[in-house]
Every structure is written in C-alpha cells, then in structure tokens.
Amino acid sequence: MKVSLKYYTIKYMIVILLLIIAVWAALFYAYILDEVYDNVDDGLKDRKIQIIKAVYHDPKLLDSKDFGFNEFKIKAISESEYKDKNRLYNKMFYMEYDDKDQPYRVLETDFIDQFGKRQRLEIRTSTVEQDELVYDLTTALIVLYILLVISILAVNGYLLNKAMRPFYTILDRLKKYQFGVSASNEAQNYSIKEFEELNVEIEEMIERNELVFHQQKQFIENASHELQTPLAIVINKIDLVIQNDDPDKKNMNFLTEVKGDLRRMAGLNKSLLMLSKIENSQFNKTSKVDFNEMIAELVKSYEDFIEFKKVKVSIIEKGFFGADFNPDLADILLSNLLKNAVKYNSQDGDVNIIIEDNRLIFQNNGSGVPLDKTQIFNRFYKQGSDHSSTGLGLSIIRTITKQYPVWDIVYEFQDGMHCFILSKNNA
C-alpha cells in the first residue's frame with residue numbers, strides 16, 4: 001500500500017517511540033525503586049541508632065516483642081545467632097485497615113545491650129506497592145505515548161504540509177504540463193534550497209524538451225508536406241499519360257498499379273502525419289460533442305461509399321453518448337470506425353452502430369474468423385489481403401483514445417459479428 005511522503009516515516013517513528021518509551025519506563029521504574037529503597041534504608045538505619053540509644057536509657061524497651069506503635073521489636077538471641085551486619089529485605093505484613101498484606105521494608109540488626117546480652121532488633125516501615133506503582137506508571141506512560149503520537153502527527157502534518165507545499169506546486173505543474181502548450185512562467189521563490197534546485201532543473205528540462213519537440217514537429221510537418229507535393233505531381237502526370245498517350249493494355253495496367261501505390265503512399269503519409277499530431281497533443285482543445293448527431297451526419301456523408309459496398313448500416317440509439325472531446329478528433333475517431341466497419345464487411349452485410357449512454361458499439365459481419373486482439377490495434381497490422389490499406393486506421397483510433405484516460409477501445413467477436421466497443425468511464 002502506497003502512502004504519502006509525510007506519513008511514510010511516521011509509522012516507523014511511532015514504533016521506535018514505543019520501544020524507546022518501553023525501555024525508558026523499565027529503567028525509570030528500576031531507578032525509582034532504587035531511589036525509594038535507598039531513602040527508606042537510610043531512614044531505617046537512622047532509626048536503628050535512635051532505638052538502640054533509647055534502649056540504653058530505658059531498659060523497658062527490651063520487652064518490645066511485637067511490632068507495635070513504633071514499628072520495631074527486640075528479641076534475645078544466642079551467641080551463635082549473632083551477626084555484626086545490617087540485613088535489609090522486603091516482606092509482606094497484614095494491614096488491618098486494608099485487610100490485606102502490604103509491602104514493608106525491614107531492617108534486621110544485632111546489638112549487645114547494657115546488660116551484656118545479645119539482642120536482635122527488627123525495624124519495619126511501609127513502602128510503595130510495586131504492583132500499584134507499575135499500574136500507575138504504565139497508565140501514565142500510555143497517556144504520554146498517545147499524547148506524543150497525536151502531537152507528532154499534528155506537528156509533523158502541519159510542518160510537512162507547509163514544507164512540502166512547493167513540492168506539490170511543482171508536481172501540479174508537471175501534471176498539467178503538455179508538450180507544445182504554453183504555460184504561465186511566473187517566477188517562483190522557494191525558501192527550501194532543494195525545491196529551488198528541483199524547480200530550476202525541471203524548468204531547464206522542459207525548455208530542452210520543448211525545443212526538441214518543436215524541432216521534431218516542424219521536421220515531420222515539413223517532411224510530410226514536402227512528400228505530398230511530389231506525390232500529387234507524379235499522380236497527376238500519370239493521369240495525363242493515361243489520358244493523352246493512349247497506352248496499350250499492358251502499360252495501362254502498369255501505370256494504374258503505380259498510381260495506386262502512389263495514392264497508398266500519399267494516404268500513408270497523411271495517416272502518419274495525423275498520428276504524429278495526435279501524439280504531440282496538437283488536438284488539445286475540447287468542447288461538448290454530441291456523438292449521436294455526429295454519427296448520423298457521418299452515415300449520411302458516407303452514403304455513396306456504403307451503397308458502393310452494398311452494406312446496410314443501422315443506427316440503434318439506446319441512450320445519449322456525449323462527452324467533452326476535441327471535435328476534430330471525434331470526427332476522425334468515428335470516421336475510422338465507420339469506414340473500417342463498412343470497408344471490411346462482406347457484400348450485402350450489416351453494420352450496426354449501437355449507441356448507449358457510455359458505450360458505442362460498431363458491429364459488422366466481415367469474415368467469420370475472429371481477429372487477433374493483441375495485434376489489431378498495432379500500427380501496420382492489416383486485417384486481410386487488401387493492399388490498399390495503410391494498416392494505420394485502428395492504430396489512429398487507439399492513439400486518440402489514449403489521449404483521454406477514461407476512454408478505451410476494445411475488440412470482441414460475438415455471434416459471428418466483429419465488434420469494436422468504444423467506452424468511457426464517467427466515475
């Protein structure tokens with residue numbers, strides 16, 4: 001799944017932040033407990049000194065056999081039990097108020113009283129409940145993590161939106177850019193160095209491409225026009241030879257074939273020029289086009305050709321097919337589809353033009369063999385043995401539809417009919 005640049009790093013940042021907080025929480029928990037126990041231990045050691053001093057002044061304290069109000073007890077021990085070190089440990093004691101065991105820190109130490117007897121002193125003091133500390137710390141960290149994530153998303157989104165604004169401006173210009181179409185060249189001032197350099201490089205690249213484009217366009221147009229002139233002259237000269245010199249049958253056939261080849265060359269030249277113009281976006285102006293009306297007019301204008309081919313053309317209107325389209329391209333598109341359906345149809349065949357809201361279907365009988373879907377729209381692919389064909393008609397159709405992203409042309413062979421389906425997606 002592709003994501004925007006401003007959200008690309010956030011997913012990793014959130015995971016890393018979670019790990020960092022988890023490690024930090026463990027270290028912080030250990031540090032807090034160590035600090036708490038260190039302070040409690042210092043207090044217990046100080047109380048030990050005070051209690052032993054009090055015992056020397058008041059021997060009655062030696063009778064404190066249980067933890068009482070002062071939270072200490074003293075019991076006599078034997079010489080073998082005597083240890084000359086402080087022992088600190090944690091222990092759970094029942095608390096009547098809470099009606100459950102609570103954690104205590106206990107200091108255990110041995111001393112010799114004023115009577116020369118060995119005594120063991122135990123002092124206890126309540127400490128934090130570790131499970132409650134863990135719960136409170138975890139709750140606080142979860143809240144902190146959520147607030148951090150929200151803050152990062154908000155700040156990161158705001159800052160990146162602000163910082164990436166020049167990038168989106170450049171990207172929008174590139175999306176709208178078309179070869180040969182002049183665009184506003186307002187000077188842009190970017191505060192970010194990298195975007196400034198990117199903009200400069202893109203401007204220079206566009207200038208180079210425009211120069212090459214115009215040179216290529218000029219060359220193709222000049223070459224095509226220059227070719228059309230000598231071809232037309234040669235064809236006219238052949239016509240004059242045929243009309244004036246009264247050649248024999250053999251030479252007549254030869255001249256007729258040469259004339260046919262020259263006409264085919266002229267048609268090929270015009271088709272290639274047309275393809276070049278379409279691919280170079282020279283037909284970029286659009287307007288509302290009524291395809292229903294245009295089809296009806298085209299059928300009328302091709303009446304002679306249709307009668308010559310002895311084909312019946314039927315227009316079946318099931319809806320209204322209208323769109324924003326270049327009128328010249330629409331005329332070329334429909335003309336090629338109609339000529340293709342009539343030209344390659346069988347004698348006394350049928351051509352059905354079905355008009356729906358989002359589809360145009362051109363059906364014709366033609367040969368009973370389906371065509372190659374993978375090749376039919378390629379340049380110079382020929383449907384049959386007709387040498388007069390340039391093999392560019394369907395290629396021009398495909399090239400036109402490519403100029404409009406939501407349009408498509410497909411070929412199907414259904415119920416013995418060759419179907420060319422032109423569709424548009426309004427979504």
# chains A, B, ... in the order shown; residues from 1 in each chain; ligands from 1
>>> residues_around(residues="A:Ile421", least_positions_apart="2", cutoff="8 Å", atoms="only C-alpha atoms", output="list in words")
Arg359, Leu360, Ile361, Phe362, Ile409, Val410, Tyr411, Glu412, Cys419 and Ser423 of chain A
>>> residues_around(residues="A:Ala22", least_positions_apart="5", cutoff="12 Å", atoms="only C-alpha atoms", output="count of residues only")
12
>>> select_by_dssp(residues="stretch 319-418 of chain A", states="strand (DSSP E)", output="ChimeraX atom specification")
/A:322-325,350-355,359-364,407-414,417-418
>>> atom_distance(atom1="atom CA of A:Lys402", atom2="atom CA of A:Phe167")
27.7 Å
